[in-house]
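Here the structure is laid out as structure tokens; the discussion comes afterwards.
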2 protein chains.
Amino acid sequence: MTINENTTQDIGITGVRIQPLAIFPTPDGAVLHMLRPGAALFSDFGEGFGEIYFSEVLSGHVKAWKRHAHQTQHFAVPVGKIKIVLFDDREHSTTRGVLRELLLGRPDHYDLLRIPVNVWYGFTAIGDTSALICNCADIPHDPKEGITLPANDPSIPYRW
Amino acid sequence: MTINENTTQDIGITGVRIQPLAIFPTPDGAVLHMLRPGAALFSDFGEGFGEIYFSEVLSGHVKAWKRHAHQTQHFAVPVGKIKIVLFDDREHSTTRGVLRELLLGRPDHYDLLRIPVNVWYGFTAIGDTSALICNCADIPHDPKEGITLPANDPSIPYRW
């Protein structure tokens with residue numbers, strides 16, 4: 001399968017984009033792209049990048065819910081697999097009310113996921129091993145611009 | 001132990017620096033810093049960043065040797081453990097001839113390693129599991145500026 005990092009896929013929530021990422025296998029372990037000039041989602045970093053960090057998710061554990069007022073997320077999952085759930089309750093969004101479940105992880109879902117501001121997200125590691133998310137964010141972490149809800153909050157129509 | 005990301009450690013090869021990285025444990029999996037404004041090695045990205053990619057290393061496998069003419073590497077190992085070997089044969093370096101072995105990986109060696117241009121490096125995954133290196137490089141990958149040697153090349157005084 002040819003990977004075209006210049007393209008993104010729309011999954012039905014405005015501003016959420018999925019960009020395929022290339023994997024280059026070698027006998028000693030693969031090389032995996034994350035973010036580079038020329039790739040479709042690189043355009044989010046016209047004013048520089050904010051922060052790169054990792055979020056480990058233990059097998060079966062849930063990290064939910066969160067949204068950001070100012071920070072755009074770019075997730076790739078080079079190790080393990082996650083199910084990520086996105087929910088749009090933005091007041092003026094044409095896709096308000098839409099909820100999507102996605103898989104991220106190798107080999108079939110090694111993608112870069114763009115999560116825009118004010119869209120709720122949460123994720124869980126599926127399978128027997130921990131998963132690792134790498135997030136390249138457009139602005140540095142600022143606890144004041146992140147909002148969280150409990151995983152079982154009734155305002156989001158999803159049960160983990 | 002307090003992690004101070006504003007500091008770097010000199011390991012005896014000019015231009016190689018090690019910056020501690022913070023880990024924030026949670027019951028569902030840790031959050032791990034990689035690169036953010038204010039951290040000591042962020043100054044390498046004054047003109048923007050080049051590329052972020054991952055290099056997986058299978059248990060016991062070796063990836064060696066490589067050096068770059070223009071690209072400065074910044075390695076963190078969020079999964080597994082690697083032993084990395086650095087060798088300086090730069091003609092005008094005051095540390096010419098110095099070879100260093102380092103460990104990278106959690107929990108005790110979760111650090112950001114800066115590898116300057118023209119220093120040879122190679123690595124192997126130690127322990128029973130694959131390791132994952134995340135590299136944030138200051139310029140994008142360009143095959144023309146990277147030079148490789150076989151792992152057993154006699155010009156580098158190290159046997160894997």
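Chain labels A, B, ... are given in the sequence in which chains occur in the structure tokens; within each chain residues are numbered consecutively from 1, and ligands are likewise numbered from 1 in the order shown.
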Rows by chain and residue number, chain A within 8 Å of chain B, shortest pair, only C-alpha atoms, as a Markdown table:
| residue | atom | partner | partner_atom | distance |
| --- | --- | --- | --- | --- |
| A:Asp28 | CA | B:His61 | CA | 5.5 |
| A:Gly29 | CA | B:Val57 | CA | 4.7 |
| A:Ala30 | CA | B:Glu56 | CA | 5.3 |
| A:Val31 | CA | B:Ser55 | CA | 4.6 |
| A:Leu32 | CA | B:Phe54 | CA | 5.0 |
| A:His33 | CA | B:Tyr53 | CA | 4.6 |
| A:Met34 | CA | B:Tyr53 | CA | 4.9 |
| A:Leu35 | CA | B:Ile52 | CA | 5.2 |
| A:Arg36 | CA | B:Glu51 | CA | 4.6 |
| A:Pro37 | CA | B:Gly50 | CA | 7.1 |
| A:Gly48 | CA | B:Gly48 | CA | 5.9 |
| A:Phe49 | CA | B:Gly48 | CA | 7.6 |
| A:Gly50 | CA | B:Arg36 | CA | 6.6 |
| A:Glu51 | CA | B:Arg36 | CA | 4.6 |
| A:Ile52 | CA | B:Leu35 | CA | 5.2 |
| A:Tyr53 | CA | B:His33 | CA | 4.6 |
| A:Phe54 | CA | B:Leu32 | CA | 5.0 |
| A:Ser55 | CA | B:Val31 | CA | 4.6 |
| A:Glu56 | CA | B:Gly29 | CA | 4.8 |
| A:Val57 | CA | B:Gly29 | CA | 4.7 |
| A:Leu58 | CA | B:Gly29 | CA | 5.3 |
| A:His61 | CA | B:Asp28 | CA | 5.5 |
| A:Val62 | CA | B:Asp28 | CA | 6.7 |
| A:Lys63 | CA | B:Asp28 | CA | 6.9 |
| A:Pro78 | CA | B:Phe54 | CA | 7.6 |
| A:Pro140 | CA | B:Arg36 | CA | 6.7 |
*DSSP on the backbone, then: every residue of range 34-149 of chain B marked strand (DSSP E or B), written as an MDAnalysis selection string.*
chainID B and resid 34:35 51:57 59 62:68 73:79 81:87 99:105 109 111:115 120:126 131:137 146:148
*Calculate how many Å separate CA of Leu99 in chain B from CA of Phe87 in chain B, rounding to one decimal.*
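Interatomic distance here is 4.4 Å.
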*Counting only C-alpha atoms, what is within 10 Å of Ile156 in chain B, bar same-chain residues fewer than 6 positions away, as a VMD selection string?*
chain B and resid 65 86 to 89 97 99 120 149 to 150
Go ahead and write the selection's residues with N, CA and C atoms as a PDB file, in the first residue's frame.
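Below is the file that was written, selection02.pdb:
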ATOM      1  N   TRP B  65      26.946   1.905  11.984  1.00  0.00           N
ATOM      2  CA  TRP B  65      27.227   3.230  12.537  1.00  0.00           C
ATOM      3  C   TRP B  65      26.628   4.284  11.610  1.00  0.00           C
ATOM      4  N   LEU B  86      28.886   6.399  21.193  1.00  0.00           N
ATOM      5  CA  LEU B  86      29.257   7.610  20.463  1.00  0.00           C
ATOM      6  C   LEU B  86      30.766   7.629  20.289  1.00  0.00           C
ATOM      7  N   PHE B  87      31.222   8.007  19.116  1.00  0.00           N
ATOM      8  CA  PHE B  87      32.669   8.056  18.860  1.00  0.00           C
ATOM      9  C   PHE B  87      32.998   9.318  18.080  1.00  0.00           C
ATOM     10  N   ASP B  88      33.972  10.049  18.613  1.00  0.00           N
ATOM     11  CA  ASP B  88      34.369  11.329  18.030  1.00  0.00           C
ATOM     12  C   ASP B  88      35.667  11.140  17.253  1.00  0.00           C
ATOM     13  N   ASP B  89      35.584  11.192  15.910  1.00  0.00           N
ATOM     14  CA  ASP B  89      36.841  11.270  15.155  1.00  0.00           C
ATOM     15  C   ASP B  89      36.900  12.549  14.313  1.00  0.00           C
ATOM     16  N   GLY B  97      38.882  11.075  19.321  1.00  0.00           N
ATOM     17  CA  GLY B  97      39.322   9.775  19.828  1.00  0.00           C
ATOM     18  C   GLY B  97      38.509   9.265  21.005  1.00  0.00           C
ATOM     19  N   LEU B  99      35.449   7.776  23.001  1.00  0.00           N
ATOM     20  CA  LEU B  99      34.300   6.900  22.775  1.00  0.00           C
ATOM     21  C   LEU B  99      33.509   6.820  24.077  1.00  0.00           C
ATOM     22  N   TRP B 120      30.043   9.912  15.257  1.00  0.00           N
ATOM     23  CA  TRP B 120      29.494   8.588  14.951  1.00  0.00           C
ATOM     24  C   TRP B 120      28.616   8.085  16.096  1.00  0.00           C
ATOM     25  N   LEU B 149      28.546   3.344   8.268  1.00  0.00           N
ATOM     26  CA  LEU B 149      29.615   2.343   8.233  1.00  0.00           C
ATOM     27  C   LEU B 149      29.032   1.046   8.778  1.00  0.00           C
ATOM     28  N   PRO B 150      29.567  -0.098   8.389  1.00  0.00           N
ATOM     29  CA  PRO B 150      29.097  -1.362   8.974  1.00  0.00           C
ATOM     30  C   PRO B 150      29.362  -1.400  10.486  1.00  0.00           C
TER      31      PRO B 150
END
